[in-house]
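Chemist: Sending over a structure as structure tokens; questions will come in a sec.
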Protein chains: 2
Amino acid sequence: MERHLDNEINHVKESLLKMAGLAEAAIDKAIRALKERDTQLAREVIDQDQAINELEIEIENGCFTLLARQQPVAADLRFIMALVKINNDLERVADHAVNIAQKAVSLAESVPLKPLIDIPHMADIAQEMLRNSLDSFIRHDAALARQVCERDDVVDALDEQVQRELITYMMQDHKNISRALDLTLISKNLERIADLSTNISEEVIFFVEARTIKHKHLDVHIRP
Amino acid sequence: MERHLDNEINHVKESLLKMAGLAEAAIDKAIRALKERDTQLAREVIDQDQAINELEIEIENGCFTLLARQQPVAADLRFIMALVKINNDLERVADHAVNIAQKAVSLAESVPLKPLIDIPHMADIAQEMLRNSLDSFIRHDAALARQVCERDDVVDALDEQVQRELITYMMQDHKNISRALDLTLISKNLERIADLSTNISEEVIFFVEARTIKHKHLDVHIRP
């Protein structure tokens with residue numbers, strides 16, 4: 001690998017890590033805003049999204065410039081393609097954090113429906129999955145990436161459990177419906193963040209092992 | 001542009017059109033299954049998803065091989081990057097069709113909650129947005145792509161309207177809750193399909209005009 005190419009790749013990689021940090025902070029703040037009924041914190045998440053969108057475009061332009069100027073091949077090309085896709089996934093993670101923050105604002109307007117236990121628990125797992133997917137990317141660690149993929153089912157099961165519980169709240173009293181629906185959609189957003197972390201991990205495995213486990217039951221080797 | 005590169009790009013482009021056709025058919029079938037309470041049709045959508053996932057991987061491998069072997073620059077590179085991202089968006093569209101089909105199966109088990117009017121209407125708009133986004137890609141038509149982006153707000157407004165109406169059904173009778181919740185989530189899936197069609201259109205504008213309107217209020221020109 002050329003030294004110049006190394007430097008340029010590292011520059012884009014650093015921007016991606018910054019992007020990951022912003023996306024992680026957005027989820028963290030959105031969930032804290034929900035738990036602590038802190039609408040100001042929720043609005044911070046909503047306001048910060050613009051900076052994340054700008055960074056996404058900057059990173060994408062950086063990758064494009066790299067491909068156009070350096071014409072990387074093999075492992076470098078694969079790494080840059082992974083950067084492009086992970087960047088896109090992180091922007092979507094941040095969008096889900098914004099959705100959660102918006103629901104947190106609306107929920108803070110009424111009395112709490114119930115003590116929040118499962119949703120913060122789901123958020124912890126989803127955040128850990130996101131962090132580990134990024135760590136696996138930085139360390140080129142396919143084993144860690146596989147662990148992330150395996151946890152996706154846990155979050156799916158929690159989402160179903162949360163949804164079932166919230167339906168019983170809706171049935172008990174129609175005054176619960178609007179708040180229970182907001183919490184259901186928050187749970188769905190966390191489930192999507194876990195999905196996106198799984199996507200990122202699949203990208204990592206793809207570029208580390210040059211094959212894809214993107215869709216279960218498939219194990220297609222990349223064409224030489 | 002080299003003739004050989006042209007041929008290879010056309011080959012991947014044809015696969016992408018096949019992918020788009022499958023994704024469009026998946027939405028169409030899922031909504032028909034919902035309207036006609038046809039669980040067999042819904043199961044077809046669910047079963048077909050595997051083929052769509054395989055095609056996504058085939059297209060991604062095709063793009064990777066193109067980048068590695070041909071080292072395209074400028075417009076060709078931008079076109080291939082658009083292919084990679086649109087391919088990813090189409091796979092997500094198909095996932096949302098599967099979600100709708102799954103809800104259609106569960107809704108067919110009980111009596112209809114209400115005549116479906118707004119949801120099929122949303123589906124029509126979302127499908128037209130998807131079709132137009134792909135047409136804009138094929139014809140390099142940034143004006144058509146812009147029209148798609150503009151319609152996203154219409155679908156968002158319909159989603160909110162559907163959600164408000166379904167809350168009133170939930171409040172009227174707790175026996176409605178489970179079905180109304182399924183319909184709410186179907187509406188959200190259609191809203192996401194419209195979002196993904198908007199993403200595709202933004203990619204088209206990006207590669208046609210070499211600048212991005214990806215995030216509103218931004219108009220960042222790509223670095224030379």
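By convention here, the chains of the structure tokens are called A, B, ... in the order presented, each chain's residues are numbered starting at 1, and ligands are numbered starting at 1 in the order presented.
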Output as a PDB file with N, CA and C atoms, in the first residue's frame the set of chain B residues within 6 Å of chain A, with distances taken over only C-alpha atoms.
Modeler:
```
ATOM      1  N   ALA B  68     -12.577  -2.907  -9.210  1.00  0.00           N
ATOM      2  CA  ALA B  68     -11.234  -3.476  -9.071  1.00  0.00           C
ATOM      3  C   ALA B  68     -10.553  -3.666 -10.421  1.00  0.00           C
ATOM      4  N   GLN B  71     -11.130   0.114 -12.812  1.00  0.00           N
ATOM      5  CA  GLN B  71     -10.732   1.385 -12.213  1.00  0.00           C
ATOM      6  C   GLN B  71     -11.348   2.591 -12.912  1.00  0.00           C
ATOM      7  N   VAL B  73     -13.233   6.132 -13.619  1.00  0.00           N
ATOM      8  CA  VAL B  73     -13.123   7.460 -13.001  1.00  0.00           C
ATOM      9  C   VAL B  73     -14.342   8.299 -13.374  1.00  0.00           C
ATOM     10  N   MET B 171     -59.053   3.632  20.664  1.00  0.00           N
ATOM     11  CA  MET B 171     -59.730   4.205  21.830  1.00  0.00           C
ATOM     12  C   MET B 171     -61.187   3.762  21.912  1.00  0.00           C
ATOM     13  N   HIS B 174     -61.164  -1.682  22.902  1.00  0.00           N
ATOM     14  CA  HIS B 174     -59.830  -2.278  23.072  1.00  0.00           C
ATOM     15  C   HIS B 174     -59.635  -3.524  22.195  1.00  0.00           C
TER      16      HIS B 174
END
```
Chemist: Would you pick out the contacts of stretch 32-47 of chain A at 9 Å or less, using only C-alpha atoms, so that residues sharing its chain but fewer than 4 positions from it are not included, and give the list as a ChimeraX atom specification?
Modeler: /A:25-28,51,94-95,97-109,112,115-116,120
Chemist: Find the residues near A:His140: any atom within 9 Å, counting only C-alpha atoms, skip ones fewer than 5 places away on the same chain, and give them as a PyMOL selection string.
Modeler: chain A and resi 135+145+204-205+207-208
Chemist: Create the file for the chosen residues now, containing C-alpha atoms and written as a PDB file, in the first residue's frame.
Modeler:
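Saved result, selection-v8.pdb, follows:
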```pdb
ATOM      1  CA  ASP A 135     -14.561  -1.683  17.197  1.00  0.00           C
ATOM      2  CA  ALA A 145     -18.415  -8.662  14.305  1.00  0.00           C
ATOM      3  CA  VAL A 204     -16.745  -5.797   8.498  1.00  0.00           C
ATOM      4  CA  ILE A 205     -16.875  -9.561   8.018  1.00  0.00           C
ATOM      5  CA  PHE A 207     -14.123  -6.845   4.046  1.00  0.00           C
ATOM      6  CA  VAL A 208     -12.089  -8.886   6.544  1.00  0.00           C
TER       7      VAL A 208
END
```
Chemist: Which polymer residues have any atom within 7 Å of an atom of stretch 6-23 of chain A, counting only C-alpha atoms, with same-chain residues fewer than 4 positions away left out, as JSON, numbers by chain?
Modeler: {"A": [1, 2, 27, 52, 55, 59, 62, 87, 90, 93, 94]}
Chemist: Distance atom CA of B:Asp159-atom CA of A:Leu183, one decimal place?
Modeler: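 These two atoms are separated by 17.4 Å.
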Chemist: Which value, in Å to one decimal, gives the distance between atom CA of A:Glu202 and atom CA of A:Gln48?
Modeler: 27.7 Å
Chemist: Measuring atom to atom with only C-alpha atoms, identify which of B:Asp49, B:Glu191, B:Glu203, B:Asp182 is nearest to B:Asp124.
Modeler: B:Glu191
Chemist: Using only C-alpha atoms for the distances, tell me which of A:Arg179, A:Val155, A:Ala82, A:Glu91 is nearest to A:Gln127.
Modeler: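 Going through A:Arg179, A:Val155, A:Ala82, A:Glu91 one by one, the smallest distance to A:Gln127 is for A:Val155.
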Chemist: So the first atom is atom CA of A:Ile193 and the second is atom CA of A:Ala126; what is the distance between them in Å, to one decimal place?
Modeler: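 According to the coordinates, atom CA of A:Ile193 and atom CA of A:Ala126 are separated by 6.3 Å.
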